[in-house]
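Source file: upload11.pdb. Holds: PDB, C-alpha atoms.
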ATOM      1  CA  MET K 460    -204.616 -71.455 -82.219
ATOM      2  CA  LEU K 461    -204.952 -74.011 -79.432
ATOM      3  CA  CYS K 462    -203.575 -71.779 -76.685
ATOM      4  CA  ASN K 463    -205.872 -68.887 -77.537
ATOM      5  CA  SER K 464    -208.835 -71.249 -77.622
ATOM      6  CA  LEU K 465    -208.061 -72.600 -74.169
ATOM      7  CA  LEU K 466    -207.485 -69.138 -72.742
ATOM      8  CA  SER K 467    -210.807 -67.933 -74.077
ATOM      9  CA  ARG K 468    -212.463 -70.837 -72.288
ATOM     10  CA  PHE K 469    -210.859 -69.717 -69.048
ATOM     11  CA  ALA K 470    -211.962 -66.137 -69.622
ATOM     12  CA  ASN K 471    -215.551 -67.007 -70.494
ATOM     13  CA  GLN K 472    -216.327 -69.442 -67.690
ATOM     14  CA  LYS K 473    -218.665 -67.769 -65.219
ATOM     15  CA  ASN K 474    -218.109 -70.385 -62.535
ATOM     16  CA  ILE K 475    -214.356 -69.867 -62.362
ATOM     17  CA  LYS K 476    -213.113 -68.861 -58.946
ATOM     18  CA  LYS K 477    -209.788 -67.072 -59.047
ATOM     19  CA  ARG K 478    -207.246 -67.988 -56.379
ATOM     20  CA  GLY K 479    -206.583 -64.380 -55.434
ATOM     21  CA  ASN K 480    -203.671 -62.657 -57.132
ATOM     22  CA  GLU K 481    -201.104 -65.209 -56.069
ATOM     23  CA  ILE K 482    -198.697 -66.644 -58.593
ATOM     24  CA  MET K 483    -198.257 -70.395 -58.669
ATOM     25  CA  GLN K 484    -194.957 -71.195 -56.992
ATOM     26  CA  GLY K 485    -193.277 -73.246 -59.706
ATOM     27  CA  LEU K 486    -189.852 -74.607 -60.465
ATOM     28  CA  VAL K 487    -186.893 -72.934 -58.765
ATOM     29  CA  LEU K 488    -183.683 -73.918 -60.535
ATOM     30  CA  VAL K 489    -180.087 -72.951 -59.737
ATOM     31  CA  GLY K 490    -176.845 -74.159 -61.205
ATOM     32  CA  SER K 491    -173.427 -73.453 -62.595
ATOM     33  CA  ALA K 492    -171.651 -74.161 -65.841
ATOM     34  CA  ILE K 493    -168.878 -76.760 -65.843
ATOM     35  CA  LYS K 494    -165.865 -76.392 -68.105
ATOM     36  CA  PRO K 495    -166.576 -78.615 -71.148
ATOM     37  CA  GLU K 496    -163.009 -79.920 -71.182
ATOM     38  CA  SER K 497    -163.594 -81.496 -67.761
ATOM     39  CA  VAL K 498    -166.324 -83.741 -69.198
ATOM     40  CA  LYS K 499    -165.133 -87.047 -70.629
ATOM     41  CA  VAL K 500    -167.360 -87.971 -73.570
ATOM     42  CA  GLN K 501    -166.227 -91.584 -73.569
ATOM     43  CA  THR K 502    -167.201 -91.946 -69.904
ATOM     44  CA  LEU K 503    -170.694 -90.645 -70.694
ATOM     45  CA  LEU K 504    -171.011 -93.063 -73.606
ATOM     46  CA  GLU K 505    -170.257 -95.979 -71.290
ATOM     47  CA  ASN K 506    -173.488 -95.333 -69.394
ATOM     48  CA  PRO K 507    -175.983 -98.009 -70.587
ATOM     49  CA  THR K 508    -178.815 -95.530 -71.175
ATOM     50  CA  VAL K 509    -176.583 -93.142 -73.107
ATOM     51  CA  ALA K 510    -175.184 -96.056 -75.114
ATOM     52  CA  ASN K 511    -178.693 -97.222 -76.007
ATOM     53  CA  MET K 512    -179.658 -93.725 -77.126
ATOM     54  CA  VAL K 513    -176.570 -93.415 -79.328
ATOM     55  CA  LYS K 514    -177.275 -96.839 -80.822
ATOM     56  CA  LYS K 515    -180.849 -95.786 -81.642
ATOM     57  CA  ILE K 516    -179.770 -92.480 -83.219
ATOM     58  CA  LYS K 517    -177.169 -94.236 -85.380
ATOM     59  CA  GLN K 518    -180.024 -96.087 -87.069
ATOM     60  CA  TYR K 519    -180.972 -92.713 -88.568
ATOM     61  CA  ARG K 520    -177.544 -91.117 -89.024
ATOM     62  CA  ASP K 521    -174.237 -92.903 -88.721
ATOM     63  CA  PHE K 522    -171.291 -91.224 -87.001
ATOM     64  CA  ALA K 523    -168.238 -92.093 -84.936
ATOM     65  CA  ASP K 524    -168.411 -91.694 -81.174
ATOM     66  CA  HIS K 525    -165.332 -89.458 -81.150
ATOM     67  CA  GLU K 526    -167.197 -86.935 -83.330
ATOM     68  CA  LEU K 527    -169.468 -86.014 -80.434
ATOM     69  CA  GLU K 528    -168.337 -82.855 -78.673
ATOM     70  CA  VAL K 529    -169.403 -81.248 -75.396
ATOM     71  CA  PHE K 530    -171.458 -78.166 -76.233
ATOM     72  CA  ASP K 531    -172.557 -77.464 -72.663
ATOM     73  CA  ALA K 532    -172.106 -78.945 -69.186
ATOM     74  CA  TYR K 533    -173.443 -77.904 -65.810
ATOM     75  CA  GLN K 534    -174.400 -78.759 -62.245
ATOM     76  CA  PHE K 535    -177.918 -78.026 -61.095
ATOM     77  CA  GLU K 536    -180.292 -78.169 -58.174
ATOM     78  CA  GLY K 537    -184.012 -77.521 -58.321
ATOM     79  CA  LYS K 538    -187.329 -78.062 -56.646
ATOM     80  CA  ILE K 539    -190.976 -77.151 -56.960
ATOM     81  CA  LYS K 540    -191.560 -74.685 -54.182
ATOM     82  CA  ASP K 541    -193.853 -75.854 -51.369
ATOM     83  CA  ARG K 542    -194.016 -79.389 -52.796
ATOM     84  CA  GLU K 543    -192.570 -82.141 -50.628
ATOM     85  CA  ASN K 544    -189.874 -84.449 -51.989
ATOM     86  CA  SER K 545    -189.458 -82.451 -55.208
ATOM     87  CA  LEU K 546    -185.773 -81.585 -54.674
ATOM     88  CA  LYS K 547    -183.517 -83.010 -57.379
ATOM     89  CA  ARG K 548    -179.880 -82.246 -58.032
ATOM     90  CA  GLY K 549    -177.267 -83.505 -60.415
ATOM     91  CA  GLU K 550    -175.222 -82.827 -63.522
ATOM     92  CA  GLY K 551    -176.064 -82.371 -67.160
ATOM     93  CA  ALA K 552    -174.318 -82.242 -70.502
ATOM     94  CA  VAL K 553    -175.196 -81.518 -74.103
ATOM     95  CA  LEU K 554    -173.258 -83.540 -76.664
ATOM     96  CA  ALA K 555    -173.489 -82.678 -80.344
ATOM     97  CA  LEU K 556    -171.862 -83.154 -83.711
ATOM     98  CA  LYS K 557    -170.211 -80.049 -85.145
ATOM     99  CA  ASP K 558    -172.980 -79.611 -87.712
ATOM    100  CA  GLN K 559    -175.619 -80.071 -84.949
ATOM    101  CA  SER K 560    -177.325 -82.838 -86.928
ATOM    102  CA  VAL K 561    -177.122 -85.009 -83.805
ATOM    103  CA  SER K 562    -177.366 -83.889 -80.202
ATOM    104  CA  LEU K 563    -177.998 -85.471 -76.832
ATOM    105  CA  ASN K 564    -179.213 -83.620 -73.766
ATOM    106  CA  ILE K 565    -178.242 -85.743 -70.767
ATOM    107  CA  LEU K 566    -179.299 -85.306 -67.142
ATOM    108  CA  PHE K 567    -178.012 -87.380 -64.235
ATOM    109  CA  ALA K 568    -180.204 -86.537 -61.260
ATOM    110  CA  GLU K 569    -180.607 -87.664 -57.661
ATOM    111  CA  SER K 570    -183.731 -87.406 -55.557
ATOM    112  CA  GLY K 571    -183.048 -88.721 -52.069
ATOM    113  CA  GLN K 572    -181.639 -92.204 -52.618
ATOM    114  CA  GLU K 573    -183.094 -92.490 -56.111
ATOM    115  CA  LYS K 574    -180.799 -91.985 -59.094
ATOM    116  CA  GLN K 575    -182.274 -91.035 -62.455
ATOM    117  CA  VAL K 576    -180.980 -90.704 -65.994
ATOM    118  CA  HIS K 577    -182.977 -88.568 -68.420
ATOM    119  CA  ILE K 578    -181.843 -88.237 -72.025
ATOM    120  CA  THR K 579    -183.350 -86.514 -75.018
ATOM    121  CA  GLY K 580    -181.776 -87.332 -78.356
ATOM    122  CA  PHE K 581    -182.210 -85.422 -81.607
ATOM    123  CA  VAL K 582    -181.178 -86.389 -85.123
ATOM    124  CA  ILE K 583    -181.566 -84.755 -88.530
ATOM    125  CA  GLN K 584    -181.730 -87.228 -91.394
ATOM    126  CA  GLU K 585    -181.180 -86.457 -95.084
ATOM    127  CA  ASP K 586    -183.402 -88.277 -97.577
ATOM    128  CA  ASN K 587    -184.014 -87.332-101.223
ATOM    129  CA  ASP K 588    -183.107 -83.668-100.784
ATOM    130  CA  LYS K 589    -185.350 -83.390 -97.734
ATOM    131  CA  GLN K 590    -184.432 -83.234 -94.074
ATOM    132  CA  TYR K 591    -186.331 -85.101 -91.381
ATOM    133  CA  PHE K 592    -186.158 -84.487 -87.656
ATOM    134  CA  TYR K 593    -186.512 -87.126 -84.938
ATOM    135  CA  LYS K 594    -186.736 -86.715 -81.190
ATOM    136  CA  PHE K 595    -186.177 -89.590 -78.775
ATOM    137  CA  GLN K 596    -186.604 -89.743 -75.024
ATOM    138  CA  ALA K 597    -184.993 -92.225 -72.672
ATOM    139  CA  LYS K 598    -185.701 -93.022 -69.087
ATOM    140  CA  GLY K 599    -183.879 -96.018 -67.753
ATOM    141  CA  GLN K 600    -183.428 -98.473 -70.626
ATOM    142  CA  ASP K 601    -186.661 -97.470 -72.351
ATOM    143  CA  ILE K 602    -186.211 -95.311 -75.465
ATOM    144  CA  LYS K 603    -189.219 -93.847 -77.243
ATOM    145  CA  LEU K 604    -189.617 -91.950 -80.485
ATOM    146  CA  VAL K 605    -191.743 -88.938 -79.542
ATOM    147  CA  LEU K 606    -191.494 -86.840 -82.701
ATOM    148  CA  ALA K 607    -190.865 -87.479 -86.399
ATOM    149  CA  THR K 608    -191.396 -84.627 -88.834
ATOM    150  CA  GLU K 609    -189.835 -82.615 -91.640
ATOM    151  CA  PHE K 610    -187.012 -80.387 -90.476
ATOM    152  CA  ASP K 611    -188.136 -76.947 -91.549
ATOM    153  CA  GLY K 612    -189.937 -73.847 -90.355
ATOM    154  CA  LYS K 613    -190.724 -73.714 -86.662
ATOM    155  CA  ILE K 614    -189.190 -77.116 -85.910
ATOM    156  CA  LYS K 615    -185.856 -75.992 -87.332
ATOM    157  CA  GLU K 616    -186.013 -72.671 -85.501
ATOM    158  CA  GLN K 617    -186.735 -74.175 -82.091
ATOM    159  CA  TYR K 618    -184.071 -76.876 -82.360
ATOM    160  CA  LEU K 619    -181.271 -74.573 -83.511
ATOM    161  CA  SER K 620    -182.155 -72.005 -80.836
ATOM    162  CA  ASN K 621    -180.817 -74.456 -78.239
ATOM    163  CA  PHE K 622    -177.310 -73.702 -79.486
ATOM    164  CA  ASP K 623    -177.651 -69.929 -79.137
ATOM    165  CA  GLN K 624    -176.724 -69.849 -75.453
ATOM    166  CA  LYS K 625    -175.478 -71.989 -72.594
ATOM    167  CA  LEU K 626    -177.940 -72.965 -69.892
ATOM    168  CA  PHE K 627    -176.090 -71.693 -66.798
ATOM    169  CA  LYS K 628    -173.404 -69.109 -66.241
ATOM    170  CA  TYR K 629    -170.303 -70.136 -64.294
ATOM    171  CA  ASP K 630    -170.846 -69.628 -60.554
ATOM    172  CA  GLU K 631    -167.708 -70.285 -58.516
ATOM    173  CA  ASN K 632    -169.751 -70.272 -55.301
ATOM    174  CA  PHE K 633    -172.302 -72.837 -56.437
ATOM    175  CA  LYS K 634    -172.703 -75.842 -54.176
ATOM    176  CA  TYR K 635    -175.402 -78.391 -53.559
ATOM    177  CA  GLY K 636    -177.697 -77.430 -50.712
ATOM    178  CA  ILE K 637    -178.329 -73.853 -51.837
ATOM    179  CA  LEU K 638    -182.079 -74.463 -51.979
ATOM    180  CA  ASP K 639    -182.040 -75.450 -48.311
ATOM    181  CA  ASN K 640    -181.238 -71.829 -47.456
ATOM    182  CA  GLU K 641    -183.769 -69.285 -48.753
ATOM    183  CA  ASN K 642    -181.311 -66.436 -48.138
ATOM    184  CA  GLU K 643    -178.801 -67.946 -50.569
ATOM    185  CA  VAL K 644    -181.167 -68.727 -53.421
ATOM    186  CA  GLU K 645    -181.475 -65.227 -54.891
ATOM    187  CA  ALA K 646    -177.699 -64.813 -55.078
ATOM    188  CA  HIS K 647    -177.353 -67.921 -57.230
ATOM    189  CA  ILE K 648    -180.316 -67.598 -59.584
ATOM    190  CA  SER K 649    -179.007 -66.508 -62.971
ATOM    191  CA  TRP K 650    -182.334 -64.951 -63.933
ATOM    192  CA  LYS K 651    -183.607 -62.401 -61.411
ATOM    193  CA  ASP K 652    -187.184 -62.224 -62.717
ATOM    194  CA  GLY K 653    -187.876 -65.825 -61.663
ATOM    195  CA  CYS K 654    -188.223 -67.019 -65.251
ATOM    196  CA  LEU K 655    -186.071 -69.712 -66.824
ATOM    197  CA  PRO K 656    -183.271 -68.361 -69.043
ATOM    198  CA  GLY K 657    -183.926 -67.865 -72.722
ATOM    199  CA  GLY K 658    -186.536 -65.136 -72.401
ATOM    200  CA  TYR K 659    -189.327 -67.254 -70.935
ATOM    201  CA  LYS K 660    -192.351 -65.348 -69.665
ATOM    202  CA  TRP K 661    -194.268 -68.169 -67.956
ATOM    203  CA  CYS K 662    -191.800 -70.993 -67.153
ATOM    204  CA  GLY K 663    -190.146 -70.872 -63.736
ATOM    205  CA  GLY K 664    -190.955 -70.088 -60.119
ATOM    206  CA  LYS K 665    -192.698 -66.702 -59.766
ATOM    207  CA  CYS K 666    -192.661 -66.354 -63.552
ATOM    208  CA  HIS K 667    -195.832 -65.038 -65.180
ATOM    209  CA  ASN K 668    -197.103 -62.614 -67.777
ATOM    210  CA  TYR K 669    -200.730 -62.169 -66.668
ATOM    211  CA  PRO K 670    -202.425 -59.176 -68.356
ATOM    212  CA  ASP K 671    -204.169 -58.308 -65.081
ATOM    213  CA  SER K 672    -200.786 -58.101 -63.329
ATOM    214  CA  GLY K 673    -199.009 -55.780 -65.737
ATOM    215  CA  GLY K 674    -198.040 -58.291 -68.431
ATOM    216  CA  ASP K 675    -199.221 -58.546 -72.009
ATOM    217  CA  GLY K 676    -200.133 -62.253 -71.931
ATOM    218  CA  SER K 677    -197.684 -63.174 -74.691
ATOM    219  CA  VAL K 678    -195.436 -66.244 -74.928
ATOM    220  CA  ILE K 679    -192.029 -66.691 -76.587
ATOM    221  CA  ASN K 680    -192.469 -70.243 -77.878
ATOM    222  CA  GLU K 681    -194.554 -73.406 -77.596
ATOM    223  CA  VAL K 682    -193.025 -74.523 -74.286
ATOM    224  CA  ASP K 683    -193.732 -71.096 -72.809
ATOM    225  CA  ALA K 684    -197.330 -71.522 -73.974
ATOM    226  CA  CYS K 685    -197.481 -74.864 -72.141
ATOM    227  CA  CYS K 686    -196.260 -73.142 -68.965
ATOM    228  CA  MET K 687    -198.861 -70.414 -69.445
ATOM    229  CA  LEU K 688    -201.676 -72.946 -69.617
ATOM    230  CA  HIS K 689    -200.222 -74.703 -66.578
ATOM    231  CA  ASP K 690    -200.232 -71.420 -64.649
ATOM    232  CA  TYR K 691    -203.823 -70.682 -65.615
ATOM    233  CA  CYS K 692    -204.807 -74.226 -64.677
ATOM    234  CA  TYR K 693    -203.477 -73.701 -61.154
ATOM    235  CA  ARG K 694    -204.641 -70.121 -60.868
ATOM    236  CA  TYR K 695    -208.328 -70.969 -61.052
ATOM    237  CA  ASP K 696    -210.567 -73.392 -59.180
ATOM    238  CA  TRP K 697    -212.240 -74.831 -62.259
ATOM    239  CA  ASN K 698    -213.751 -78.239 -61.618
ATOM    240  CA  THR K 699    -213.387 -79.291 -65.258
ATOM    241  CA  VAL K 700    -209.599 -78.888 -65.143
ATOM    242  CA  ASP K 701    -207.815 -81.881 -63.643
ATOM    243  CA  GLY K 702    -204.238 -83.021 -63.770
ATOM    244  CA  CYS K 703    -202.516 -79.704 -64.465
ATOM    245  CA  ASP K 704    -199.077 -81.330 -64.236
ATOM    246  CA  ASP K 705    -200.114 -84.240 -66.472
ATOM    247  CA  SER K 706    -201.367 -81.793 -69.086
ATOM    248  CA  LEU K 707    -198.095 -79.855 -68.876
ATOM    249  CA  CYS K 708    -196.094 -83.037 -69.441
ATOM    250  CA  GLU K 709    -198.097 -83.968 -72.520
ATOM    251  CA  CYS K 710    -197.906 -80.407 -73.800
ATOM    252  CA  VAL K 711    -194.092 -80.116 -73.766
ATOM    253  CA  LYS K 712    -193.371 -83.631 -75.035
ATOM    254  CA  PRO K 713    -193.064 -82.801 -78.776
ATOM    255  CA  TYR K 714    -190.769 -79.794 -78.359
ATOM    256  CA  SER K 715    -186.984 -79.639 -78.521
ATOM    257  CA  TYR K 716    -186.277 -76.621 -76.304
ATOM    258  CA  TRP K 717    -183.973 -77.459 -73.374
ATOM    259  CA  ALA K 718    -186.593 -76.166 -70.918
ATOM    260  CA  ALA K 719    -188.852 -79.084 -71.853
ATOM    261  CA  LEU K 720    -186.339 -81.575 -70.444
ATOM    262  CA  PHE K 721    -186.209 -79.852 -67.061
ATOM    263  CA  ILE K 722    -189.998 -79.574 -66.945
ATOM    264  CA  GLN K 723    -190.215 -83.311 -67.547
ATOM    265  CA  LEU K 724    -187.585 -84.015 -64.889
ATOM    266  CA  TYR K 725    -189.431 -82.099 -62.169
ATOM    267  CA  PHE K 726    -193.101 -82.358 -63.129
ATOM    268  CA  CYS K 727    -193.466 -85.621 -64.997
ATOM    269  CA  ASP K 728    -192.003 -88.426 -62.862
TER     270      ASP K 728
END
Take the structure from the file and write it as structure tokens.
Amino acid sequence: MLCNSLLSRFANQKNIKKRGNEIMQGLVLVGSAIKPESVKVQTLLENPTVANMVKKIKQYRDFADHELEVFDAYQFEGKIKDRENSLKRGEGAVLALKDQSVSLNILFAESGQEKQVHITGFVIQEDNDKQYFYKFQAKGQDIKLVLATEFDGKIKEQYLSNFDQKLFKYDENFKYGILDNENEVEAHISWKDGCLPGGYKWCGGKCHNYPDSGGDGSVINEVDACCMLHDYCYRYDWNTVDGCDDSLCECVKPYSYWAALFIQLYFCD
């Protein structure tokens, strides 16, 4: 397994210098659910980037726009701790067909004066009694196919797991600017262990599962494994490891877990 191979390389390098017992200060993310009925699907579809994504997906599975429903909607604010100009805030929504054969994860984010639109689109296509799975990513007007594979096994499991829970709980006291006040952050983080929701053991600020710090070193899925490698990359001064963030971005690209989209938003621009 790739992850085990990389970890063994870390463990066996004699010239590795450990950066003390500190944990890499990663992504801190807060937010609140929005009532789905307050989100106007047609308004979202009028956005040029969203419209382009829908047009691309319809090449693989045809459907009517009115069939898309709001599965989840939220406000969010996040930053990479101790990294300048990493604060981004905005709104997100997950649109999907009832049978989940098509879904769009949409993020509208602001960073200073810059406005960004990040969309990941998924479609399941039927062909000769087989199902195929496609993942598209859009940034601006550019839409790329990043994954095409049979829809079975692990691919099926990871995609459908996105519909098991909503991203954020409803927080009536949520407001933008929470991350400007350290005393307020803890009260608004939905996950008190510092890990992103969904059972992650390595993804999120102060989130780790190091065996030498009481953990068992395990991961819950492929994205969690990417975060683990990212943490190890930053934990050690190893002169053969460059571009920890770039490696993280490449690592999460093929996966359909919602956490991958937020990692790309904050680490990959």
Selection under test: the PyMOL selection byres ((chain K and resi 519) around 12); residues as an mmCIF file with C-alpha atoms, keeping the file's coordinate frame:
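Below is the file result_21.cif, written as the result:
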data_model
loop_
_atom_site.group_PDB
_atom_site.id
_atom_site.type_symbol
_atom_site.label_atom_id
_atom_site.label_comp_id
_atom_site.auth_asym_id
_atom_site.auth_seq_id
_atom_site.Cartn_x
_atom_site.Cartn_y
_atom_site.Cartn_z
ATOM 1 C CA MET K 512 -179.658 -93.725 -77.126
ATOM 2 C CA VAL K 513 -176.570 -93.415 -79.328
ATOM 3 C CA LYS K 514 -177.275 -96.839 -80.822
ATOM 4 C CA LYS K 515 -180.849 -95.786 -81.642
ATOM 5 C CA ILE K 516 -179.770 -92.480 -83.219
ATOM 6 C CA LYS K 517 -177.169 -94.236 -85.380
ATOM 7 C CA GLN K 518 -180.024 -96.087 -87.069
ATOM 8 C CA ARG K 520 -177.544 -91.117 -89.024
ATOM 9 C CA ASP K 521 -174.237 -92.903 -88.721
ATOM 10 C CA PHE K 522 -171.291 -91.224 -87.001
ATOM 11 C CA SER K 560 -177.325 -82.838 -86.928
ATOM 12 C CA VAL K 561 -177.122 -85.009 -83.805
ATOM 13 C CA GLY K 580 -181.776 -87.332 -78.356
ATOM 14 C CA PHE K 581 -182.210 -85.422 -81.607
ATOM 15 C CA VAL K 582 -181.178 -86.389 -85.123
ATOM 16 C CA ILE K 583 -181.566 -84.755 -88.530
ATOM 17 C CA GLN K 584 -181.730 -87.228 -91.394
ATOM 18 C CA GLU K 585 -181.180 -86.457 -95.084
ATOM 19 C CA ASP K 586 -183.402 -88.277 -97.577
ATOM 20 C CA GLN K 590 -184.432 -83.234 -94.074
ATOM 21 C CA TYR K 591 -186.331 -85.101 -91.381
ATOM 22 C CA PHE K 592 -186.158 -84.487 -87.656
ATOM 23 C CA TYR K 593 -186.512 -87.126 -84.938
ATOM 24 C CA LYS K 594 -186.736 -86.715 -81.190
ATOM 25 C CA PHE K 595 -186.177 -89.590 -78.775
ATOM 26 C CA LEU K 604 -189.617 -91.950 -80.485
ATOM 27 C CA ALA K 607 -190.865 -87.479 -86.399
#
Listing only residues of stretch 585-660 of chain K within 12 Å of stretch 668-677 of chain K, what is the closest atom pair and its distance in Å (to one decimal) for each, using all atoms listed in the file, sorted by chain and residue number ascending, as a tab-separated table?
residue	atom	partner	partner_atom	distance
K:Asp652	CA	K:Asn668	CA	11.1
K:Gly653	CA	K:Asn668	CA	11.5
K:Cys654	CA	K:Asn668	CA	10.2
K:Gly658	CA	K:Ser677	CA	11.5
K:Tyr659	CA	K:Asn668	CA	9.6
K:Lys660	CA	K:Asn668	CA	5.8
Which polymer residues have any atom within 6 Å of an atom of K:Val553, counting only C-alpha atoms, with same-chain residues fewer than 2 positions away left out, as JSON, numbers by chain?
{"K": [529, 530, 531, 563, 564]}
Could you check the closest approach to K:Gly571 for each of K:Gly549, K:Gly702, K:Gly664, K:Pro507 and tell me which residue wins, using only C-alpha atoms?
K:Gly549
Of the listed residues K:Leu626, K:Cys666, K:Ile578, K:Leu546, that which approaches K:Ala718 most closely, counting all atoms listed in the file:
K:Leu626
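Residue neighbourhood of K:Ser545, excluding near-sequence residues (fewer than 4 positions): Gly537, Lys538, Ile539, Ser570 and Tyr725 of chain K, at 8 Å, using only C-alpha atoms.
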